[in-house]
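Structure first, commentary second.
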Amino acid sequence: MRYSGLRILAEGVTGNRGWRPVWRDPEPKPAYDIVIIGGGGHGLATAFYLAREHGLTNVAVLEKGYLGGGNVGRNTTIVRANYFLPGNSEFYSHSLKLWEGLEAELNYNVMHSQRGLINLFHSDGQRDAFVRRGNAMAIQGDDAILLDRDGVRRHLPYLDFDNPRFPVHGGLLHPRGGTARHDAVAWGYARGADARGVDLIQNCEVTGIDIENGRVTGVRTTRGAIMAKKVGIVVAGRSGQVAAMAGMRLPIESHILQAFVTEGLKPMIDHVVSFGMGHFYISQSDKGGLVFGGDLDFYASYAARGNLPMKEHVMEAAMTLMPAIGKAKVLRSWGGIMDMTPDGSPIIDRSPVEGLYLNCGWCYGGFKAVPGSGYAFAHLLALDRPHETAARFRLDRFRTGRGLMDEEGTGSQHNLH
Ligand SMILES: Cc1cc2nc3c(=O)[nH]c(=O)nc-3n(C[C@H](O)[C@H](O)[C@H](O)COP(=O)(O)OP(=O)(O)OC[C@H]3O[C@@H](n4cnc5c(N)ncnc54)[C@H](O)[C@@H]3O)c2cc1C
């Protein structure tokens with residue numbers, strides 16, 4: 001079913017009886033060419049591009065809960081291409097280009113809004129770092145504009161510019177950065193994959209991975225065994241646990257990241273604002289809620305909810321930057337399980353087991369990566385060679401030390417990312 005303004009009109013005058021379920025609910029088949037474990041953003045995008053780019057449709061996505069119930073539906077929805085290091089820079093640049101054509105490609109409104117992202121700086125040293133980053137972005141072909149203090153004030157008049165600890169000196173504006181409706185991205189990719197024949201199987205937890213003579217032969221699930229020629233592990237915060245089913249120990253720790261939303265307010269913030277010194281970033285949803293978040297909770301955990309000290313820290317950062325926010329009531333907070341790598345950059349690679357592939361290590365930045373990651377992982381699964389935009393996301397960089405991409409410059413201590 002194609003969506004269009006005309007269809008909405010037609011359905012509106014005929015009692016909305018023509019809408020169909022957005023995807024099927026198939027029983028798992030005994031065997032597939034490719035099984036993808038994990039129905040989050042990356043798994044669903046991979047399935048879509050396998051079908052769309054490579055014509056591979058004998059594919060199943062196995063999701064232990066419901067589609068989009070993981071991090072893809074829990075994040076603060078920021079989409080940007082402002083990475084600094086070669087390897088990340090071209091990957092996120094490609095991903096942003098895919099975002100820009102996504103709604104037309106999927107025939108689905110993912111509410112992608114390029115409202116501009118402003119990274120604030122508060123010292124000369126931080127300004128120099130952002131100038132470097134801006135130059136790297138421009139060389140990559142993306143957009144970056146350096147704003148002085150008055151320039152920031154024109155965009156964000158509500159900030160406290162004269163905070164004694166963090167006076168605002170300026171900012172780096174990335175006009176093509178913005179937000180998207182997170183769960184609509186999962187639904188759009190799910191619909192596109194299903195329409196091309198991919199089986200999306202919910203409530204189907206993978207409990208084991210079958211390997212014979214060093215080659216994957218299938219998976220065991222709560223809905224029975226399923227054979228597969230190739231298997232992709234795309235389970236974000238659960239990557240370590242699922243990889244352990246194949247006898248692997250990944251260079252990944254799982255940490256909680258929290259997010260918060262206030263009651264709906266009149267339009268106030270029309271950009272994404274990032275206050276790195278305070279570990280705080282914020283935007284306003286189309287419903288009016290202020291959506292914001294901060295740093296990781298300070299220890300590894302599989303709990304998808306956070307703890308009070310980080311809540312306090314985030315609220316303090318919010319009040320430091322924009323005291324007016326103190327009048328807003330926080331409606332909800334929640335957490336997601338982040339797959340943190342030691343260098344803060346992801347892994348899209350073969351595993352040591354023949355036919356078993358890894359897509360993980362997205363840290364707290366994997367939402368913006370969804371299109372680029374799905375595209376590159378589908379390329380790897382279909383053709384057995386890395387896509388050029390993901391050529392540096394190798395697993396063995398953590399063993400050899402060659403090719404590490406420490407994007408944040410913080411080393412392996414996750415709570416300092
Ligand atoms: C609070 C918060 C804020 C964030 N903010 C941003 C942001 O602003 N911008 C940004 O770019 N990124 C952000 N992120 C990160 C981003 O959301 C993640 O990196 C990304 O969504 C992870 O990939 P995914 O969508 O595939 O993960 P998920 O949606 O978690 O998908 C993995 C799926 O695997 C399933 N699964 C796990 N184990 C099994 C199993 N054994 N069998 C079957 N299925 C299984 C899970 O149920 C889950 O649905 C944020 C994350 C959080 C939590």
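Convention: chains lettered A, B, ... in structure tokens order; per-chain residue numbering from 1; ligands numbered from 1 as shown.
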
Contact table segment 89-165 of chain A vs segment 331-352 of chain A, cut-off 12 Å, shortest pair per residue, only C-alpha atoms, as JSON lines:
{"residue": "A:Ser89", "atom": "CA", "partner": "A:Ser345", "partner_atom": "CA", "distance": 11.0}
{"residue": "A:Phe91", "atom": "CA", "partner": "A:Pro346", "partner_atom": "CA", "distance": 10.6}
{"residue": "A:Tyr92", "atom": "CA", "partner": "A:Ser345", "partner_atom": "CA", "distance": 11.3}

task: Would you kindly return, as a list in words, each protein, DNA or RNA residue with an atom no farther than 8 Å from any atom of segment 137-151 of chain A, considering only C-alpha atoms and excluding same-chain residues fewer than 4 positions away?
output: Ala81, Asn82, Tyr83, Phe84, Ser89, Glu90, Ser93, Val131, Arg133, His155, Val168, His169, Gly170, Gly171, Leu172, Leu173, His174, Pro175 and Arg176 of chain A

- request: Check which residues fall inside 6 Å of ligand 1 when counting only C-alpha atoms and all ligand atoms, and print them as a PyMOL selection string.
  value: chain A and resi 37-43+62-65+68-72+74-79+205-207+235-236+238+242+257-259+335-337+362-368

message: Please identify the alpha helix (DSSP H) residues within segment 158-373 of chain A (assignment by DSSP from backbone atoms) and present them as a ChimeraX atom specification.
response: /A:182-195,239-244,308-321,370-373

task: Would you mind listing what lies within 8 Å of segment 323-330 of chain A as an NGL selection string, with only C-alpha atoms counted and same-chain residues fewer than 5 positions away left out?
output: :A and (158-160 or 260-263 or 318)

File of the preceding selection, C-alpha atoms, as a CSV table (one decimal), in the first residue's frame:
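And here is the file that came out, selection07.csv:
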chain,number,residue,atom,x,y,z
A,158,TYR,CA,17.5,31.7,26.1
A,159,LEU,CA,21.0,30.3,27.1
A,160,ASP,CA,22.8,31.7,30.2
A,260,PHE,CA,14.3,12.6,29.6
A,261,VAL,CA,11.2,14.3,28.2
A,262,THR,CA,9.2,17.2,29.7
A,263,GLU,CA,5.5,18.0,29.3
A,318,ALA,CA,20.3,21.7,32.1

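Restricting the calculation to only C-alpha atoms, the smallest distance between His279 of chain A and any of A:Lys266, A:His313, A:Arg191, A:Arg305 is found for A:His313.
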
message: Can you pull out the residues contacting segment 107-123 of chain A? Cut-off 6 Å, using only C-alpha atoms, and skip same-chain residues under 2 positions away; I want them as a PyMOL selection string.
response: chain A and resi 103-105+125-127+166-181+184-185+188+271-275

Print the selection's residues with C-alpha atoms to a file, as a compact mmCIF listing (two decimals), in the first residue's frame.
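selection03.txt written:
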# COMPACT_ATOMS: atom_id res chain seq x y z
CA GLU A 103 11.29 9.34 3.39
CA ALA A 104 10.96 9.21 -0.40
CA GLU A 105 12.82 5.89 -0.51
CA GLY A 125 41.01 25.54 23.52
CA GLN A 126 37.57 24.12 22.90
CA ARG A 127 36.99 26.66 20.11
CA PHE A 166 30.82 27.79 31.47
CA PRO A 167 30.45 31.18 29.73
CA VAL A 168 29.31 30.62 26.14
CA HIS A 169 32.08 31.78 23.77
CA GLY A 170 30.50 30.49 20.56
CA GLY A 171 29.41 27.36 18.75
CA LEU A 172 29.80 25.17 15.70
CA LEU A 173 26.60 25.10 13.65
CA HIS A 174 25.94 22.01 11.53
CA PRO A 175 22.88 23.13 9.52
CA ARG A 176 22.09 19.68 8.07
CA GLY A 177 22.06 18.10 11.53
CA GLY A 178 18.72 17.62 13.27
CA THR A 179 16.33 14.97 14.48
CA ALA A 180 13.98 12.23 13.24
CA ARG A 181 11.07 10.39 14.83
CA ALA A 184 9.06 5.68 12.77
CA VAL A 185 12.50 4.90 11.38
CA GLY A 188 9.56 2.55 7.90
CA HIS A 271 17.69 23.53 17.04
CA VAL A 272 19.52 20.66 18.60
CA VAL A 273 21.83 22.14 21.24
CA SER A 274 24.83 20.25 22.55
CA PHE A 275 26.66 21.34 25.72

message: Need the shell around Gly289 of chain A: protein/DNA/RNA residues with any atom at most 8 Å away, counting only C-alpha atoms. Skip same-chain ones fewer than 2 positions apart. Format as a ChimeraX atom specification?
response: /A:261-265,284-287,291

task: Determine which residues of segment 146-328 of chain A receive a DSSP assignment of strand (DSSP E), computed from the backbone, and state them as a PyMOL selection string.
output: chain A and resi 146-148+170-174+178-179+199-201+206-212+215-221+224-233+253-264+272-275+280-284+289-300

task: For each of A:Gly401, A:Gly288, A:Gly192, A:Gly232, take the minimum atom-to-atom distance to Ile36 of chain A, counting only C-alpha atoms, then give the residue where this is smallest.
output: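 Under the stated criterion, the closest residue is A:Gly232.
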
task: Point out the residue among A:Ala246, A:Leu106, A:Gln241, A:Thr320 with the least atom-to-atom distance to Met277 of chain A, counting only C-alpha atoms.
output: A:Thr320

query: Interatomic distance between atom CA of Gly218 of chain A and atom CA of Ala31 of chain A?
result: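 Computing it gives 8.0 Å between the two atoms.
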
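Comparing A:Val152, A:Leu98, A:Ile209, A:Ala300 by their smallest distance to Ile226 of chain A, the closest is A:Ile209 (using only C-alpha atoms).
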
message: One number please: atom CA of Val198 of chain A to atom CA of Ala304 of chain A, in Å, one decimal.
response: 28.7 Å
